[in-house]
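Student: Mind having a look at this structure? Questions to follow.
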Amino acid sequence: MTYQKIQDLLAEDRPREILFTKGREILRLEEILAILIGTGIRDYSALDLAREMIRQVDGDLSTLGRWGLPEYRKIKGIGVAKAAVLVAAMELGRRRMDYQANATVDRIRQSADAYDLLKSHLADLVHEEFWVIYLNRAARMIKKECISRGGIAGTVVDIKLILKSAIHLQASSLILAHNHPSGHLQPSEADKQLTNRMLAAAKSVDMLVADHLIISASTYVSFADEGWM
């Protein structure tokens with residue numbers, strides 16, 4: 001196969017040529033995005049569109065990962081089809097992260113293990129969700145489950161539903177988790193009250209609530225590590 005010199009190619013084709021000749025590791029972020037975008041519009045190449053996208057998120061790939069179809073479509077030149085490709089690519093990356101975590105975390109020995117299992121689900125959300133990890137006596141995960149989805153400021157949690165699932169799964173302990181889209185990791189008074197209610201409810205059926213994590217875009221805080229439970 002004969003390749004053209006990169007400088008002789010149209011701007012649209014240069015990222016693909018770099019991929020073919022030098023490998024994916026060499027590609028810059030705007031070049032990866034340009035390959036996904038495919039083609040530009042009059043006076044704007046796919047690279048130009050990619051650079052504008054990066055400019056709008058100040059180079060933060062995590063922020064870009066939280067974008068949905070409406071946000072991508074606000075970029076001039078990004079229609080429904082291009083936006084769908086970009087959203088799908090970000091989702092594929094999230095699922096790969098989740099697959100790797102499920103494959104490598106054998107048992108939960110510390111809060112970081114629980115965080116690894118949940119960060120792909122919660123880190124990039126712009127709304128709040130509440131999840132539970134159900135564990136057996138060996139601290140191995142039986143199941144992880146989203147209990148509720150809410151808005152930016154909170155979500156409603158039904159303790160009875162959590163206990164019902166735990167009993168059905170014959171779980172010995174639980175790890176609670178929810179995200180704060182704002183990025184603030186300090187628990188609210190409602191977070192503390194829910195944790196205490198969940199501790200009491202689990203104790204009544206001879207189960208343990210091992211931890212409660214609050215997760216943001218790039219980090220987390222653990223109630224157990226901080227001595228809050």
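Chain lettering (A, B, ...) mirrors the order of the structure tokens, residue numbering begins at 1 for each chain separately, and ligand numbering begins at 1 in order of display.
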Could you pull the residues within 8 Å of Ala101 in chain A, counting only C-alpha atoms, minus those fewer than 4 positions along the same chain, as a PDB file with all heavy atoms, in the first residue's frame?
Tutor:
ATOM      1  N   MET A  97     -13.704   0.344  30.633  1.00  0.00           N
ATOM      2  CA  MET A  97     -13.251   0.584  32.002  1.00  0.00           C
ATOM      3  C   MET A  97     -13.994  -0.318  32.985  1.00  0.00           C
ATOM      4  O   MET A  97     -13.408  -0.906  33.897  1.00  0.00           O
ATOM      5  CB  MET A  97     -13.478   2.063  32.365  1.00  0.00           C
ATOM      6  CG  MET A  97     -12.888   2.475  33.698  1.00  0.00           C
ATOM      7  SD  MET A  97     -13.429   4.140  34.206  1.00  0.00           S
ATOM      8  CE  MET A  97     -12.972   5.085  32.752  1.00  0.00           C
ATOM      9  N   VAL A 105     -10.861  -6.817  39.928  1.00  0.00           N
ATOM     10  CA  VAL A 105     -11.174  -6.726  41.361  1.00  0.00           C
ATOM     11  C   VAL A 105     -11.778  -8.050  41.816  1.00  0.00           C
ATOM     12  O   VAL A 105     -12.950  -8.341  41.576  1.00  0.00           O
ATOM     13  CB  VAL A 105     -12.134  -5.559  41.661  1.00  0.00           C
ATOM     14  CG1 VAL A 105     -12.471  -5.536  43.150  1.00  0.00           C
ATOM     15  CG2 VAL A 105     -11.518  -4.228  41.244  1.00  0.00           C
ATOM     16  N   ASP A 116     -13.167   1.424  42.169  1.00  0.00           N
ATOM     17  CA  ASP A 116     -12.812   0.912  40.840  1.00  0.00           C
ATOM     18  C   ASP A 116     -13.999   0.238  40.162  1.00  0.00           C
ATOM     19  O   ASP A 116     -14.161   0.330  38.934  1.00  0.00           O
ATOM     20  CB  ASP A 116     -11.651  -0.080  40.948  1.00  0.00           C
ATOM     21  CG  ASP A 116     -10.313   0.596  41.201  1.00  0.00           C
ATOM     22  OD1 ASP A 116     -10.210   1.812  40.955  1.00  0.00           O
ATOM     23  OD2 ASP A 116      -9.380  -0.093  41.655  1.00  0.00           O
ATOM     24  N   LEU A 117     -14.834  -0.427  40.948  1.00  0.00           N
ATOM     25  CA  LEU A 117     -15.995  -1.120  40.383  1.00  0.00           C
ATOM     26  C   LEU A 117     -17.120  -0.169  39.980  1.00  0.00           C
ATOM     27  O   LEU A 117     -17.948  -0.522  39.142  1.00  0.00           O
ATOM     28  CB  LEU A 117     -16.539  -2.136  41.396  1.00  0.00           C
ATOM     29  CG  LEU A 117     -15.706  -3.402  41.619  1.00  0.00           C
ATOM     30  CD1 LEU A 117     -16.241  -4.169  42.815  1.00  0.00           C
ATOM     31  CD2 LEU A 117     -15.715  -4.277  40.366  1.00  0.00           C
TER      32      LEU A 117
END
Student: Counting only C-alpha atoms, which residues of range 55-147 of chain A fall within 7 Å of range 205-223 of chain A, and what is the closest atom pair for each with its distance in Å at one decimal, ordered by chain and rising number, as a Markdown table?
Tutor:
| residue | atom | partner | partner_atom | distance |
| --- | --- | --- | --- | --- |
| A:Ser111 | CA | A:Ser222 | CA | 6.5 |
| A:Leu122 | CA | A:Ile215 | CA | 6.8 |
| A:Ala123 | CA | A:Ala217 | CA | 4.3 |
| A:Asp124 | CA | A:Ala217 | CA | 5.7 |
Student: Write out as a PyMOL selection string which residues come within 10 Å of Thr63 in chain A when counting only C-alpha atoms, dropping same-chain ones fewer than 6 positions away.
Tutor: chain A and resi 54+56-57+124-126+217
Student: Could you write those residues out with N, CA, C and O atoms, as a short mmCIF file (atom, residue, chain, number, x, y, z; two decimals), in the first residue's frame?
Tutor:
data_model
loop_
_atom_site.label_atom_id
_atom_site.label_comp_id
_atom_site.auth_asym_id
_atom_site.auth_seq_id
_atom_site.Cartn_x
_atom_site.Cartn_y
_atom_site.Cartn_z
N ILE A 54 -12.58 20.67 21.87
CA ILE A 54 -11.62 20.64 22.97
C ILE A 54 -11.55 22.00 23.66
O ILE A 54 -11.45 22.10 24.88
N GLN A 56 -13.94 24.14 24.01
CA GLN A 56 -15.13 24.37 24.81
C GLN A 56 -15.11 23.64 26.15
O GLN A 56 -15.82 24.02 27.08
N VAL A 57 -14.30 22.59 26.24
CA VAL A 57 -14.20 21.86 27.53
C VAL A 57 -12.85 22.11 28.20
O VAL A 57 -12.48 21.43 29.16
N ASP A 124 -18.96 10.19 35.31
CA ASP A 124 -19.25 11.13 34.22
C ASP A 124 -20.70 11.62 34.18
O ASP A 124 -21.09 12.32 33.25
N LEU A 125 -21.49 11.27 35.18
CA LEU A 125 -22.90 11.62 35.14
C LEU A 125 -23.14 13.09 35.48
O LEU A 125 -22.43 13.67 36.30
N VAL A 126 -24.17 13.67 34.87
CA VAL A 126 -24.57 15.04 35.19
C VAL A 126 -25.81 15.04 36.08
O VAL A 126 -26.33 16.09 36.43
N ALA A 217 -16.19 13.39 39.58
CA ALA A 217 -15.66 13.10 38.24
C ALA A 217 -14.31 12.41 38.28
O ALA A 217 -14.00 11.61 37.39
#
Student: Contacts of range 83-95 of chain A at 12 Å or less, counting only C-alpha atoms, minus same-chain residues fewer than 4 places along, as number ranges by chain?
Tutor: A: 32-38, 49-50, 53, 61-79, 99-102, 117-125
Student: Can you spit out the residues from that selection as a CSV table (one decimal), in the first residue's frame, using N, CA and C atoms?
Tutor:
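The file below, again.csv, is the result:
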chain,number,residue,atom,x,y,z
A,32,ILE,N,-7.7,12.1,17.2
A,32,ILE,CA,-8.6,11.0,17.5
A,32,ILE,C,-10.0,11.5,17.3
A,33,LEU,N,-10.4,12.6,17.8
A,33,LEU,CA,-11.7,13.2,17.6
A,33,LEU,C,-12.0,13.4,16.1
A,34,ALA,N,-11.0,13.9,15.4
A,34,ALA,CA,-11.2,14.2,14.0
A,34,ALA,C,-11.5,12.9,13.2
A,35,ILE,N,-10.9,11.8,13.6
A,35,ILE,CA,-11.2,10.5,12.9
A,35,ILE,C,-12.6,10.1,13.2
A,36,LEU,N,-13.1,10.3,14.4
A,36,LEU,CA,-14.5,10.0,14.8
A,36,LEU,C,-15.5,10.9,14.0
A,37,ILE,N,-15.1,12.2,13.9
A,37,ILE,CA,-16.0,13.1,13.2
A,37,ILE,C,-16.1,12.8,11.7
A,38,GLY,N,-14.9,12.4,11.2
A,38,GLY,CA,-14.9,12.0,9.8
A,38,GLY,C,-14.7,13.1,8.8
A,49,LEU,N,-13.1,21.2,13.8
A,49,LEU,CA,-14.3,20.9,14.6
A,49,LEU,C,-13.8,20.3,15.9
A,50,ALA,N,-12.8,19.4,15.8
A,50,ALA,CA,-12.3,18.7,17.0
A,50,ALA,C,-11.6,19.7,17.9
A,53,MET,N,-14.2,21.7,19.8
A,53,MET,CA,-14.8,20.9,20.8
A,53,MET,C,-13.9,20.9,22.1
A,61,LEU,N,-11.0,15.9,29.0
A,61,LEU,CA,-11.7,14.7,28.4
A,61,LEU,C,-12.8,14.2,29.3
A,62,SER,N,-12.7,14.3,30.6
A,62,SER,CA,-13.8,13.9,31.5
A,62,SER,C,-15.1,14.7,31.2
A,63,THR,N,-14.9,16.0,31.0
A,63,THR,CA,-16.1,16.8,30.7
A,63,THR,C,-16.7,16.4,29.4
A,64,LEU,N,-15.8,16.1,28.4
A,64,LEU,CA,-16.3,15.7,27.1
A,64,LEU,C,-17.1,14.4,27.2
A,65,GLY,N,-16.6,13.5,28.1
A,65,GLY,CA,-17.3,12.2,28.3
A,65,GLY,C,-18.7,12.4,28.8
A,66,ARG,N,-18.9,13.5,29.5
A,66,ARG,CA,-20.3,13.7,30.1
A,66,ARG,C,-21.2,14.3,29.1
A,67,TRP,N,-20.7,14.8,27.9
A,67,TRP,CA,-21.6,15.4,26.9
A,67,TRP,C,-22.5,14.3,26.4
A,68,GLY,N,-23.8,14.8,26.1
A,68,GLY,CA,-24.7,13.9,25.3
A,68,GLY,C,-24.9,14.5,23.9
A,69,LEU,N,-25.9,14.0,23.2
A,69,LEU,CA,-26.2,14.5,21.9
A,69,LEU,C,-26.4,16.0,21.8
A,70,PRO,N,-27.2,16.6,22.7
A,70,PRO,CA,-27.4,18.0,22.6
A,70,PRO,C,-26.2,18.9,22.7
A,71,GLU,N,-25.2,18.5,23.6
A,71,GLU,CA,-24.0,19.2,23.8
A,71,GLU,C,-23.1,19.1,22.5
A,72,TYR,N,-23.0,17.9,22.0
A,72,TYR,CA,-22.2,17.8,20.8
A,72,TYR,C,-22.8,18.6,19.6
A,73,ARG,N,-24.1,18.6,19.5
A,73,ARG,CA,-24.8,19.2,18.4
A,73,ARG,C,-24.7,20.7,18.4
A,74,LYS,N,-24.3,21.3,19.6
A,74,LYS,CA,-24.1,22.7,19.6
A,74,LYS,C,-22.8,23.2,18.9
A,75,ILE,N,-21.9,22.2,18.6
A,75,ILE,CA,-20.7,22.6,17.8
A,75,ILE,C,-21.1,22.7,16.4
A,76,LYS,N,-20.9,23.8,15.8
A,76,LYS,CA,-21.2,24.0,14.3
A,76,LYS,C,-20.5,23.0,13.5
A,77,GLY,N,-21.3,22.2,12.7
A,77,GLY,CA,-20.8,21.2,11.8
A,77,GLY,C,-21.0,19.8,12.4
A,78,ILE,N,-21.4,19.7,13.6
A,78,ILE,CA,-21.7,18.4,14.2
A,78,ILE,C,-23.2,18.1,14.2
A,79,GLY,N,-23.6,17.2,13.3
A,79,GLY,CA,-25.0,16.9,13.2
A,79,GLY,C,-25.4,15.7,14.0
A,99,TYR,N,-15.5,-3.2,32.3
A,99,TYR,CA,-15.1,-4.6,32.0
A,99,TYR,C,-13.8,-4.9,32.7
A,100,GLN,N,-12.8,-4.0,32.6
A,100,GLN,CA,-11.5,-4.2,33.2
A,100,GLN,C,-11.6,-4.3,34.8
A,101,ALA,N,-12.4,-3.4,35.3
A,101,ALA,CA,-12.6,-3.4,36.8
A,101,ALA,C,-13.2,-4.7,37.3
A,102,ASN,N,-14.3,-5.1,36.6
A,102,ASN,CA,-14.9,-6.4,37.0
A,102,ASN,C,-14.0,-7.6,36.9
A,117,LEU,N,-14.8,-0.4,40.9
A,117,LEU,CA,-16.0,-1.1,40.4
A,117,LEU,C,-17.1,-0.2,40.0
A,118,LEU,N,-17.1,1.0,40.6
A,118,LEU,CA,-18.3,1.9,40.3
A,118,LEU,C,-18.0,3.2,39.6
A,119,LYS,N,-16.7,3.6,39.4
A,119,LYS,CA,-16.4,4.9,38.9
A,119,LYS,C,-16.8,5.0,37.4
A,120,SER,N,-16.8,3.9,36.6
A,120,SER,CA,-17.2,4.0,35.2
A,120,SER,C,-18.7,4.3,35.1
A,121,HIS,N,-19.5,3.9,36.2
A,121,HIS,CA,-20.9,4.1,36.2
A,121,HIS,C,-21.3,5.5,36.6
A,122,LEU,N,-20.5,6.1,37.5
A,122,LEU,CA,-20.9,7.3,38.2
A,122,LEU,C,-20.1,8.6,37.9
A,123,ALA,N,-18.9,8.4,37.5
A,123,ALA,CA,-18.0,9.6,37.4
A,123,ALA,C,-18.4,10.6,36.4
A,124,ASP,N,-19.0,10.2,35.3
A,124,ASP,CA,-19.3,11.1,34.2
A,124,ASP,C,-20.7,11.6,34.2
A,125,LEU,N,-21.5,11.3,35.2
A,125,LEU,CA,-22.9,11.6,35.1
A,125,LEU,C,-23.1,13.1,35.5
Student: Do a neighbour search on Ile175 in chain A at 12 Å with only C-alpha atoms, toss out local chain neighbours closer than 3 positions, and write the hits as a PDB file with C-alpha atoms, in the first residue's frame.
Tutor:
ATOM      1  CA  ILE A 108     -13.216  -5.813  48.009  1.00  0.00           C
ATOM      2  CA  ARG A 109     -10.496  -5.276  50.587  1.00  0.00           C
ATOM      3  CA  GLN A 110     -10.587  -1.464  50.723  1.00  0.00           C
ATOM      4  CA  SER A 111     -12.630   1.500  49.547  1.00  0.00           C
ATOM      5  CA  ALA A 112     -10.454   1.900  46.432  1.00  0.00           C
ATOM      6  CA  ASP A 113     -11.621  -1.522  45.200  1.00  0.00           C
ATOM      7  CA  ALA A 114     -15.266  -0.476  45.461  1.00  0.00           C
ATOM      8  CA  TYR A 115     -14.446   2.793  43.720  1.00  0.00           C
ATOM      9  CA  LEU A 117     -15.995  -1.120  40.383  1.00  0.00           C
ATOM     10  CA  LEU A 118     -18.263   1.927  40.348  1.00  0.00           C
ATOM     11  CA  PHE A 130     -27.475   5.713  43.951  1.00  0.00           C
ATOM     12  CA  TRP A 131     -25.803   2.285  43.619  1.00  0.00           C
ATOM     13  CA  VAL A 132     -25.299  -0.703  45.887  1.00  0.00           C
ATOM     14  CA  ILE A 133     -22.648  -3.435  45.740  1.00  0.00           C
ATOM     15  CA  TYR A 134     -23.851  -6.683  47.324  1.00  0.00           C
ATOM     16  CA  LEU A 135     -21.084  -8.864  48.815  1.00  0.00           C
ATOM     17  CA  ASN A 136     -20.841 -12.439  50.052  1.00  0.00           C
ATOM     18  CA  ALA A 139     -16.166  -9.898  50.376  1.00  0.00           C
ATOM     19  CA  ARG A 140     -16.616 -10.891  46.747  1.00  0.00           C
ATOM     20  CA  MET A 141     -19.161  -9.004  44.666  1.00  0.00           C
ATOM     21  CA  ILE A 142     -22.421 -10.815  44.021  1.00  0.00           C
ATOM     22  CA  LYS A 143     -23.957  -7.934  42.097  1.00  0.00           C
ATOM     23  CA  LYS A 144     -23.815  -4.172  41.671  1.00  0.00           C
ATOM     24  CA  GLU A 145     -27.091  -2.401  41.091  1.00  0.00           C
ATOM     25  CA  ILE A 162     -32.194  -2.467  48.932  1.00  0.00           C
ATOM     26  CA  ALA A 166     -29.866  -8.114  49.567  1.00  0.00           C
ATOM     27  CA  ALA A 171     -25.691 -10.974  50.676  1.00  0.00           C
ATOM     28  CA  SER A 172     -23.676 -10.662  53.868  1.00  0.00           C
ATOM     29  CA  HIS A 178     -23.758   7.765  44.999  1.00  0.00           C
ATOM     30  CA  THR A 195     -26.355   6.088  55.932  1.00  0.00           C
ATOM     31  CA  MET A 198     -29.343   2.006  56.238  1.00  0.00           C
ATOM     32  CA  LEU A 199     -26.944   0.844  58.989  1.00  0.00           C
ATOM     33  CA  ALA A 202     -29.218  -3.802  57.660  1.00  0.00           C
ATOM     34  CA  MET A 207     -26.237  -7.638  57.507  1.00  0.00           C
ATOM     35  CA  LEU A 208     -23.394  -5.160  57.494  1.00  0.00           C
ATOM     36  CA  VAL A 209     -23.132  -1.876  55.640  1.00  0.00           C
ATOM     37  CA  ALA A 210     -19.391  -1.839  55.027  1.00  0.00           C
ATOM     38  CA  ASP A 211     -19.059   1.599  53.446  1.00  0.00           C
ATOM     39  CA  HIS A 212     -20.730   4.490  51.657  1.00  0.00           C
ATOM     40  CA  LEU A 213     -18.822   6.197  48.845  1.00  0.00           C
ATOM     41  CA  ILE A 214     -19.441   9.625  47.381  1.00  0.00           C
ATOM     42  CA  SER A 222     -15.316   6.920  51.853  1.00  0.00           C
ATOM     43  CA  PHE A 223     -17.496   7.132  54.975  1.00  0.00           C
ATOM     44  CA  ALA A 224     -15.611   4.166  56.446  1.00  0.00           C
TER      45      ALA A 224
END
Student: Among range 177-221 of chain A, which residues does DSSP mark as strand (DSSP E) when it is run on the backbone? Keep the chain and numbering as in the structure and answer as a PyMOL selection string.
Tutor: chain A and resi 177-179+208-215+220-221
Student: Between A:His180, A:Arg197, A:Arg51, A:His127, which residue has the minimum interatomic distance to Lys160 in chain A, considering only C-alpha atoms?
Tutor: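 Ranking A:His180, A:Arg197, A:Arg51, A:His127 by distance to Lys160 in chain A, first place goes to A:Arg197.
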Student: Considering only C-alpha atoms, can you say which of A:Ala81, A:Ala177, A:Leu161, A:Ile167 comes closest to Glu128 in chain A?
Tutor: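 Residue with the minimum atom-to-atom distance to Glu128 in chain A: A:Ala177.
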Student: Separation of CA of Glu52 in chain A and CA of Arg16 in chain A, in Å?
Tutor: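 These atoms are spaced 19.1 Å apart.
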Student: Just list the residues in range 47-219 of chain A DSSP gives helix (DSSP H, G or I) on the backbone, as a VMD selection string.
Tutor: chain A and resid 47 to 56 61 to 66 69 to 73 80 to 104 111 to 122 159 to 169 189 to 204
Student: Hey, can you check how far CA of Val157 in chain A sits from CA of Arg96 in chain A?
Tutor: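 CA of Arg96 in chain A lies at a distance of 28.2 Å from CA of Val157 in chain A.
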